[in-house]
Amino acid sequence: MDIIHFSTEDEINLLVIVVDVNPLWWGQQAQREAEFTLSKCLDAVMVMGNSHMAMTRTNKLAVIASHCQDSHFLYPMKNWGSSDGATDDASCSGDGKYELLSVTNNVIAEEMRNIMLKTEIKGNSTATLLAGSLAKALCYIHRVSKELAVGQEMKSRILVVKASEDCALQYMNFMNVIFAAQKQNILIDACVLDSDSGLLQQACDITGGLYLKIPQKVALAQYLLWVFLPDTEQRSQLVLPPPAHVDYRAACFCHQNLIEIGYVCSVCLSIFCKFSPICSTCQ
Amino acid sequence: MDEEPERAKRWEGGYERTWEVLKEDESGSLRASVEEILYQAKRKRVMETHGQVRLGMMRHLYVVIDCSRSMEDQDLKPNRLSSTLKLMEAFVDEYFYQNPISQVIKPVCFCETGNPKKHVAALRKAVDTVCAGEPSLYNALSLAVHTLKHMPGHTSREVLIVLSSLTTCDPSNIYELIKTLKSLKVRVSVIGLSAEVRVCTVLTRETGGFYHVILDESHFKELLMLHVKPPPASASSECSLIRMGFPQHCVASLSDQDAKPSFSMSQLDGDSPGLSLSGYFCPQCHAKYTELPVECKVCGLTLVSAPHLARSFHHLFPLQAFTESPVEQHTDRSCQGCQGRLKDRSVFSCPSCFSSFCMDCDLFIHDSLHCCPCCIHGPSVS
């Protein structure tokens, strides 16, 4: 019989949510389906963030917005000069909500507005470069784990809310990030809104996280709370969506076809589908 | 008599006043000096040679652990043998993590497989070995040569010896064997636990390996980890394309009528749980295996999965070292990686995108991440 583990005071759970806010994709989405826009998506993310912080007092949250060419931290902000915003007048919400949650929501909304106003869009690709946001998330987690008090343990995971398609150019950087996450025992979960992403499927498989392509975008909040809110220990007690079948076949460098038997160069590790005496990458 | 390089021994040089490195500040505390030493140690780890050097990715490493009487010495706790075996377990894990398509063979335990768990299990069993007798470098090396000379030319052939005794009992002339090793392009490295032994110096110098003598247990660990990275490939090693298979992971669900449970080939080693529904099927002969990477016992095809190869990519495209500059030159006081404050003495900037990082991020990026978080935001990546 399984024993349910209660988190102790000394265990911190850090959740980093990476939201894909590619404005080109969201703009097209607003024209396709008016009921589900970026603001609705952010509402669902805020609900998820609030629920995570409400579960235990020691839970921590960070939110990163992944834009076309850069990623920005929506929460927490870099305000070390002043106090942590608790004395800010705007944060005293009249409806009696736990102050930390209302501060979080306000900060996220404010930063999102700033990003959308200030960032210039170069190029017109609807593919988002997630590897950079994941790398920054890992650096942040690494810093927080160094700043813990003695005796505290930390478990972290990253939740990616992905909207647009994969960018095939970043395969190698993505794999580097995934292996770094696996080494640090950080789970990567993925909630995909539109098209399936092979890179994220591999990430979830290698790090042990959950991959889900949601059938109805308007119910995003429901899926986030049901599938992605419980942490690792609780997931074993729940009936969650089964893991996706991941295709690990390699693609050959000459034609980009998926192959089952190939020829690998012993020096540069490039994969070819036909044998040739000289490797075209490294000779 | 071969010439030795002119290298002064410690006692031949002048006096080194090591106590002058530590300096006290006004209150008498050594904190500043200790921090300086730690800082230099951290920086040393990041300073590595970067360059497009051809590396030997497919490695056959033969590890020889000395089990003679001197291994029962207690200068490493609890005794040298247990300490060595414990560090070996960590080495094996790290080695297979960084070099997923290599092999490690240990004559102490005679266990040849690409699976790190078997090595670790064998190492744990070897703790009970009774240490007796004298070691023989000649016998160990001839055993290694016997196996390694049949390995294909494109793999790197390496031997790592952990030698604790100061003597060796050889049945024949070891210098002849050293000549044979050199002609077979076998690279021998030695880690000494007691003191420097001249025959080891000659051995490693002739074959192109490293010879180090440990200072303490943490130094031992550092030296072992030096061998995890792939060594530069010798210019004469052949470069060829090796045929490999990339099997799919097939999971038959229980509700499928045609799904038949089957035995996997790891049954032949005697430690598989039995019938199973899921596994990897060799694309050439459809033999089933539970884990990768593995060499198919039926048809001889090496089976790997794409992430295994991707793990070695960072050796081929190493990340440049970041440039160090004092913190006063930077007006923006936050680290671009972790969004924390820049509170160290120096700031590290990436030479391509000029973003600034704190020291912890710099270490993390070079040790684990292997890519600059700001550079990979641009669409043009290698």
# chains A, B, ... in the order shown; residues from 1 in each chain; ligands from 1

call {"tool": "residues_around", "arguments": {"residues": "Gln256 in chain A", "least_positions_apart": "3", "cutoff": "12 Å", "atoms": "only C-alpha atoms", "output": "ChimeraX atom specification"}}
result
/A:168,249-253,259,270-273

call {"tool": "write_last_selection", "arguments": {"atoms": "N, CA and C atoms", "output": "compact mmCIF listing (two decimals), in the first residue's frame"}}
result
# COMPACT_ATOMS: atom_id res chain seq x y z
N ALA A 168 13.00 23.86 -36.01
CA ALA A 168 13.90 22.71 -36.14
C ALA A 168 15.36 23.08 -35.96
N ARG A 249 13.82 7.62 -33.47
CA ARG A 249 14.67 7.32 -34.63
C ARG A 249 15.43 8.58 -35.03
N ALA A 250 16.59 8.39 -35.57
CA ALA A 250 17.39 9.54 -35.96
C ALA A 250 17.06 9.95 -37.39
N ALA A 251 17.31 11.21 -37.68
CA ALA A 251 17.11 11.69 -39.05
C ALA A 251 18.46 11.78 -39.72
N CYS A 252 18.56 11.31 -40.95
CA CYS A 252 19.87 11.34 -41.60
C CYS A 252 20.19 12.77 -42.03
N PHE A 253 21.48 13.07 -42.10
CA PHE A 253 21.89 14.44 -42.35
C PHE A 253 21.71 14.82 -43.81
N ILE A 259 15.46 7.23 -40.20
CA ILE A 259 16.00 5.93 -40.62
C ILE A 259 16.11 5.00 -39.43
N SER A 270 28.00 12.34 -37.29
CA SER A 270 26.89 12.64 -38.19
C SER A 270 26.35 11.33 -38.74
N ILE A 271 25.06 11.35 -39.02
CA ILE A 271 24.36 10.13 -39.39
C ILE A 271 24.01 10.19 -40.87
N PHE A 272 24.34 9.14 -41.59
CA PHE A 272 24.03 9.08 -43.02
C PHE A 272 23.24 7.83 -43.31
N CYS A 273 22.45 7.89 -44.40
CA CYS A 273 21.68 6.69 -44.71
C CYS A 273 22.43 5.75 -45.63

call {"tool": "interface_residues", "arguments": {"of": "chain A", "to": "chain B", "cutoff": "8 Å", "atoms": "only C-alpha atoms", "output": "MDAnalysis selection string"}}
result
chainID A and resid 69:70 78 129 131:133 135:137 139:143 169:170 172:173 175:177 179:180 183 246:250 259:269 275:279

call {"tool": "write_last_selection", "arguments": {"atoms": "N, CA and C atoms", "output": "compact mmCIF listing (two decimals), in the first residue's frame"}}
result
# COMPACT_ATOMS: atom_id res chain seq x y z
N GLN A 69 12.22 36.60 -29.91
CA GLN A 69 13.69 36.61 -29.89
C GLN A 69 14.26 36.67 -28.49
N ASP A 70 13.44 36.69 -27.49
CA ASP A 70 13.99 36.85 -26.15
C ASP A 70 13.01 36.27 -25.15
N LYS A 78 12.88 41.86 -10.61
CA LYS A 78 14.19 42.13 -10.04
C LYS A 78 14.10 43.40 -9.21
N LEU A 129 11.43 30.11 -30.02
CA LEU A 129 12.69 29.46 -29.63
C LEU A 129 12.64 29.19 -28.14
N ALA A 131 14.29 26.98 -26.38
CA ALA A 131 15.50 26.51 -25.69
C ALA A 131 16.08 27.59 -24.80
N GLY A 132 16.02 28.86 -25.29
CA GLY A 132 16.58 29.95 -24.50
C GLY A 132 15.83 30.15 -23.20
N SER A 133 14.48 30.09 -23.27
CA SER A 133 13.69 30.28 -22.05
C SER A 133 13.96 29.16 -21.06
N ALA A 135 16.71 27.47 -20.83
CA ALA A 135 18.05 27.66 -20.27
C ALA A 135 18.02 28.68 -19.15
N LYS A 136 17.29 29.78 -19.37
CA LYS A 136 17.20 30.79 -18.31
C LYS A 136 16.49 30.22 -17.08
N ALA A 137 15.46 29.41 -17.32
CA ALA A 137 14.76 28.80 -16.19
C ALA A 137 15.72 27.94 -15.38
N CYS A 139 18.99 28.28 -15.14
CA CYS A 139 19.92 29.14 -14.40
C CYS A 139 19.25 29.69 -13.15
N TYR A 140 17.97 30.06 -13.29
CA TYR A 140 17.24 30.61 -12.15
C TYR A 140 17.10 29.55 -11.05
N ILE A 141 16.73 28.33 -11.46
CA ILE A 141 16.58 27.26 -10.48
C ILE A 141 17.91 26.98 -9.79
N HIS A 142 18.98 27.01 -10.56
CA HIS A 142 20.31 26.78 -10.01
C HIS A 142 20.65 27.83 -8.97
N ARG A 143 20.29 29.10 -9.26
CA ARG A 143 20.59 30.17 -8.29
C ARG A 143 19.77 29.99 -7.03
N LEU A 169 15.70 24.35 -36.04
CA LEU A 169 17.11 24.74 -35.98
C LEU A 169 17.72 24.54 -34.61
N GLN A 170 16.88 24.48 -33.58
CA GLN A 170 17.46 24.50 -32.25
C GLN A 170 17.53 23.11 -31.62
N MET A 172 19.97 20.91 -31.30
CA MET A 172 21.11 20.60 -30.45
C MET A 172 21.07 21.36 -29.14
N ASN A 173 20.71 22.66 -29.19
CA ASN A 173 20.62 23.42 -27.95
C ASN A 173 19.54 22.87 -27.05
N MET A 175 18.52 19.78 -26.88
CA MET A 175 18.98 18.54 -26.26
C MET A 175 19.95 18.85 -25.13
N ASN A 176 20.84 19.86 -25.32
CA ASN A 176 21.75 20.23 -24.22
C ASN A 176 20.97 20.63 -22.99
N VAL A 177 19.93 21.44 -23.20
CA VAL A 177 19.12 21.91 -22.07
C VAL A 177 18.42 20.73 -21.40
N PHE A 179 19.37 17.58 -21.30
CA PHE A 179 20.29 16.75 -20.51
C PHE A 179 20.71 17.45 -19.24
N ALA A 180 20.86 18.79 -19.32
CA ALA A 180 21.20 19.52 -18.09
C ALA A 180 20.08 19.38 -17.07
N LYS A 183 20.13 15.96 -15.50
CA LYS A 183 21.22 15.82 -14.52
C LYS A 183 20.84 16.41 -13.18
N VAL A 246 7.12 8.11 -28.07
CA VAL A 246 8.11 9.03 -28.61
C VAL A 246 8.91 8.32 -29.69
N ASP A 247 9.09 8.99 -30.80
CA ASP A 247 9.85 8.42 -31.90
C ASP A 247 11.30 8.83 -31.74
N TYR A 248 12.15 7.90 -31.38
CA TYR A 248 13.55 8.22 -31.17
C TYR A 248 14.42 7.88 -32.35
N ARG A 249 13.82 7.62 -33.47
CA ARG A 249 14.67 7.32 -34.63
C ARG A 249 15.43 8.58 -35.03
N ALA A 250 16.59 8.39 -35.57
CA ALA A 250 17.39 9.54 -35.96
C ALA A 250 17.06 9.95 -37.39
N ILE A 259 15.46 7.23 -40.20
CA ILE A 259 16.00 5.93 -40.62
C ILE A 259 16.11 5.00 -39.43
N GLU A 260 16.05 3.70 -39.74
CA GLU A 260 16.21 2.71 -38.68
C GLU A 260 17.62 2.16 -38.62
N ILE A 261 18.26 2.03 -39.76
CA ILE A 261 19.67 1.61 -39.77
C ILE A 261 20.45 2.67 -40.52
N GLY A 262 21.51 3.17 -39.92
CA GLY A 262 22.27 4.22 -40.57
C GLY A 262 23.75 4.04 -40.35
N TYR A 263 24.53 4.94 -40.92
CA TYR A 263 25.98 4.92 -40.79
C TYR A 263 26.40 6.15 -40.03
N VAL A 264 27.14 5.94 -38.94
CA VAL A 264 27.53 7.04 -38.06
C VAL A 264 29.03 7.25 -38.19
N CYS A 265 29.44 8.49 -38.42
CA CYS A 265 30.87 8.80 -38.50
C CYS A 265 31.47 8.72 -37.11
N SER A 266 32.62 8.07 -37.01
CA SER A 266 33.18 7.87 -35.67
C SER A 266 33.77 9.13 -35.07
N VAL A 267 34.03 10.15 -35.91
CA VAL A 267 34.66 11.34 -35.37
C VAL A 267 33.65 12.43 -35.05
N CYS A 268 32.74 12.72 -35.99
CA CYS A 268 31.84 13.84 -35.78
C CYS A 268 30.42 13.39 -35.48
N LEU A 269 30.14 12.11 -35.48
CA LEU A 269 28.83 11.57 -35.13
C LEU A 269 27.71 12.04 -36.05
N PHE A 275 26.34 4.38 -47.15
CA PHE A 275 27.76 4.35 -46.81
C PHE A 275 28.58 5.10 -47.85
N SER A 276 29.54 5.89 -47.36
CA SER A 276 30.48 6.50 -48.29
C SER A 276 31.83 6.53 -47.59
N PRO A 277 32.93 6.41 -48.30
CA PRO A 277 34.22 6.29 -47.62
C PRO A 277 34.65 7.56 -46.87
N ILE A 278 34.12 8.72 -47.30
CA ILE A 278 34.53 9.95 -46.62
C ILE A 278 33.30 10.62 -46.04
N CYS A 279 33.38 11.02 -44.79
CA CYS A 279 32.26 11.70 -44.16
C CYS A 279 32.18 13.12 -44.68

call {"tool": "select_by_dssp", "arguments": {"residues": "range 21-117 of chain A", "states": "strand (DSSP E or B)", "output": "PyMOL selection string"}}
result
chain A and resi 60-66+71-75

call {"tool": "write_last_selection", "arguments": {"atoms": "N, CA, C and O atoms", "output": "PDB file, in the first residue's frame"}}
result
ATOM      1  N   LYS A  60       7.149  27.819  -4.222  1.00  0.00           N
ATOM      2  CA  LYS A  60       7.616  29.028  -4.903  1.00  0.00           C
ATOM      3  C   LYS A  60       7.211  28.967  -6.358  1.00  0.00           C
ATOM      4  O   LYS A  60       7.023  27.893  -6.936  1.00  0.00           O
ATOM      5  N   LEU A  61       7.147  30.149  -6.959  1.00  0.00           N
ATOM      6  CA  LEU A  61       6.692  30.226  -8.334  1.00  0.00           C
ATOM      7  C   LEU A  61       7.587  31.162  -9.126  1.00  0.00           C
ATOM      8  O   LEU A  61       8.109  32.132  -8.591  1.00  0.00           O
ATOM      9  N   ALA A  62       7.747  30.866 -10.420  1.00  0.00           N
ATOM     10  CA  ALA A  62       8.391  31.822 -11.324  1.00  0.00           C
ATOM     11  C   ALA A  62       7.692  31.682 -12.668  1.00  0.00           C
ATOM     12  O   ALA A  62       7.274  30.585 -13.042  1.00  0.00           O
ATOM     13  N   VAL A  63       7.532  32.784 -13.374  1.00  0.00           N
ATOM     14  CA  VAL A  63       6.870  32.728 -14.675  1.00  0.00           C
ATOM     15  C   VAL A  63       7.760  33.422 -15.695  1.00  0.00           C
ATOM     16  O   VAL A  63       8.235  34.531 -15.459  1.00  0.00           O
ATOM     17  N   ILE A  64       7.983  32.757 -16.822  1.00  0.00           N
ATOM     18  CA  ILE A  64       8.808  33.329 -17.893  1.00  0.00           C
ATOM     19  C   ILE A  64       7.955  33.407 -19.156  1.00  0.00           C
ATOM     20  O   ILE A  64       7.256  32.455 -19.499  1.00  0.00           O
ATOM     21  N   ALA A  65       8.017  34.541 -19.831  1.00  0.00           N
ATOM     22  CA  ALA A  65       7.312  34.672 -21.099  1.00  0.00           C
ATOM     23  C   ALA A  65       8.321  34.478 -22.215  1.00  0.00           C
ATOM     24  O   ALA A  65       9.354  35.136 -22.250  1.00  0.00           O
ATOM     25  N   SER A  66       8.026  33.577 -23.128  1.00  0.00           N
ATOM     26  CA  SER A  66       8.963  33.267 -24.191  1.00  0.00           C
ATOM     27  C   SER A  66       8.495  33.969 -25.458  1.00  0.00           C
ATOM     28  O   SER A  66       7.504  33.588 -26.061  1.00  0.00           O
ATOM     29  N   SER A  71      13.453  36.083 -23.928  1.00  0.00           N
ATOM     30  CA  SER A  71      12.493  35.668 -22.907  1.00  0.00           C
ATOM     31  C   SER A  71      12.618  36.601 -21.721  1.00  0.00           C
ATOM     32  O   SER A  71      13.696  37.093 -21.414  1.00  0.00           O
ATOM     33  N   HIS A  72      11.502  36.855 -21.084  1.00  0.00           N
ATOM     34  CA  HIS A  72      11.461  37.783 -19.963  1.00  0.00           C
ATOM     35  C   HIS A  72      10.843  37.108 -18.765  1.00  0.00           C
ATOM     36  O   HIS A  72       9.884  36.361 -18.896  1.00  0.00           O
ATOM     37  N   PHE A  73      11.370  37.448 -17.616  1.00  0.00           N
ATOM     38  CA  PHE A  73      10.785  36.940 -16.383  1.00  0.00           C
ATOM     39  C   PHE A  73       9.584  37.805 -16.032  1.00  0.00           C
ATOM     40  O   PHE A  73       9.716  39.002 -15.815  1.00  0.00           O
ATOM     41  N   LEU A  74       8.380  37.199 -15.982  1.00  0.00           N
ATOM     42  CA  LEU A  74       7.217  37.963 -15.578  1.00  0.00           C
ATOM     43  C   LEU A  74       7.147  38.050 -14.058  1.00  0.00           C
ATOM     44  O   LEU A  74       6.681  39.027 -13.502  1.00  0.00           O
ATOM     45  N   TYR A  75       7.551  36.999 -13.395  1.00  0.00           N
ATOM     46  CA  TYR A  75       7.501  36.956 -11.939  1.00  0.00           C
ATOM     47  C   TYR A  75       8.586  36.014 -11.487  1.00  0.00           C
ATOM     48  O   TYR A  75       8.722  34.951 -12.067  1.00  0.00           O
TER      49      TYR A  75
END

call {"tool": "atom_distance", "arguments": {"atom1": "CA of Glu158 in chain B", "atom2": "CA of Lys297 in chain B"}}
result
24.3 Å

call {"tool": "atom_distance", "arguments": {"atom1": "CA of Thr37 in chain A", "atom2": "CA of Leu187 in chain A"}}
result
27.7 Å

call {"tool": "select_by_dssp", "arguments": {"residues": "range 90-172 of chain A", "states": "helix (DSSP H, G or I)", "output": "number ranges by chain"}}
result
A: 90-91, 99-118, 130-146, 168-172

call {"tool": "closest_residue", "arguments": {"among": "A:Gln234, A:Gln29, A:Asn22, A:Asn59", "to": "Ser125 in chain A", "atoms": "only C-alpha atoms"}}
result
A:Asn22

call {"tool": "atom_distance", "arguments": {"atom1": "CA of Arg113 in chain A", "atom2": "CA of Val19 in chain A"}}
result
14.3 Å

call {"tool": "residues_around", "arguments": {"residues": "Gly49 in chain A", "least_positions_apart": "6", "cutoff": "10 Å", "atoms": "only C-alpha atoms", "output": "VMD selection string"}}
result
chain A and resid 15 to 17 43 60 to 63 101 104 to 105 224 to 225 229

call {"tool": "write_last_selection", "arguments": {"atoms": "N, CA and C atoms", "output": "short mmCIF file (atom, residue, chain, number, x, y, z; two decimals), in the first residue's frame"}}
result
data_model
loop_
_atom_site.label_atom_id
_atom_site.label_comp_id
_atom_site.auth_asym_id
_atom_site.auth_seq_id
_atom_site.Cartn_x
_atom_site.Cartn_y
_atom_site.Cartn_z
N LEU A 15 8.03 25.86 -8.89
CA LEU A 15 7.43 25.62 -10.19
C LEU A 15 7.77 26.80 -11.09
N VAL A 16 8.36 26.52 -12.25
CA VAL A 16 8.65 27.58 -13.21
C VAL A 16 7.75 27.36 -14.41
N ILE A 17 6.91 28.34 -14.72
CA ILE A 17 6.00 28.20 -15.85
C ILE A 17 6.57 29.01 -17.02
N ASP A 43 -4.84 34.20 -17.93
CA ASP A 43 -5.71 34.00 -16.77
C ASP A 43 -5.55 32.58 -16.25
N LYS A 60 7.15 27.82 -4.22
CA LYS A 60 7.62 29.03 -4.90
C LYS A 60 7.21 28.97 -6.36
N LEU A 61 7.15 30.15 -6.96
CA LEU A 61 6.69 30.23 -8.33
C LEU A 61 7.59 31.16 -9.13
N ALA A 62 7.75 30.87 -10.42
CA ALA A 62 8.39 31.82 -11.32
C ALA A 62 7.69 31.68 -12.67
N VAL A 63 7.53 32.78 -13.37
CA VAL A 63 6.87 32.73 -14.67
C VAL A 63 7.76 33.42 -15.69
N LEU A 101 -0.95 36.35 -3.51
CA LEU A 101 -1.55 35.96 -4.78
C LEU A 101 -1.94 37.19 -5.60
N THR A 104 1.16 38.76 -7.02
CA THR A 104 1.65 37.97 -8.15
C THR A 104 0.87 38.28 -9.42
N ASN A 105 -0.45 38.26 -9.30
CA ASN A 105 -1.27 38.50 -10.49
C ASN A 105 -1.01 39.87 -11.07
N LEU A 224 -4.73 22.32 -16.75
CA LEU A 224 -3.54 22.65 -15.95
C LEU A 224 -3.70 22.18 -14.52
N LEU A 225 -4.89 22.44 -13.95
CA LEU A 225 -5.08 22.09 -12.55
C LEU A 225 -5.16 20.58 -12.35
N LEU A 229 -0.84 20.25 -11.79
CA LEU A 229 -0.66 20.83 -10.46
C LEU A 229 -0.03 19.86 -9.47
#

call {"tool": "residues_around", "arguments": {"residues": "Thr180 in chain B", "least_positions_apart": "2", "cutoff": "12 Å", "atoms": "only C-alpha atoms", "output": "ChimeraX atom specification"}}
result
/B:138,141-142,144-146,149,173-178,182-187,203,206-207

call {"tool": "closest_residue", "arguments": {"among": "A:Val45, A:Met53, A:Ala109, A:Ala190", "to": "Ala221 in chain A", "atoms": "only C-alpha atoms"}}
result
A:Val45
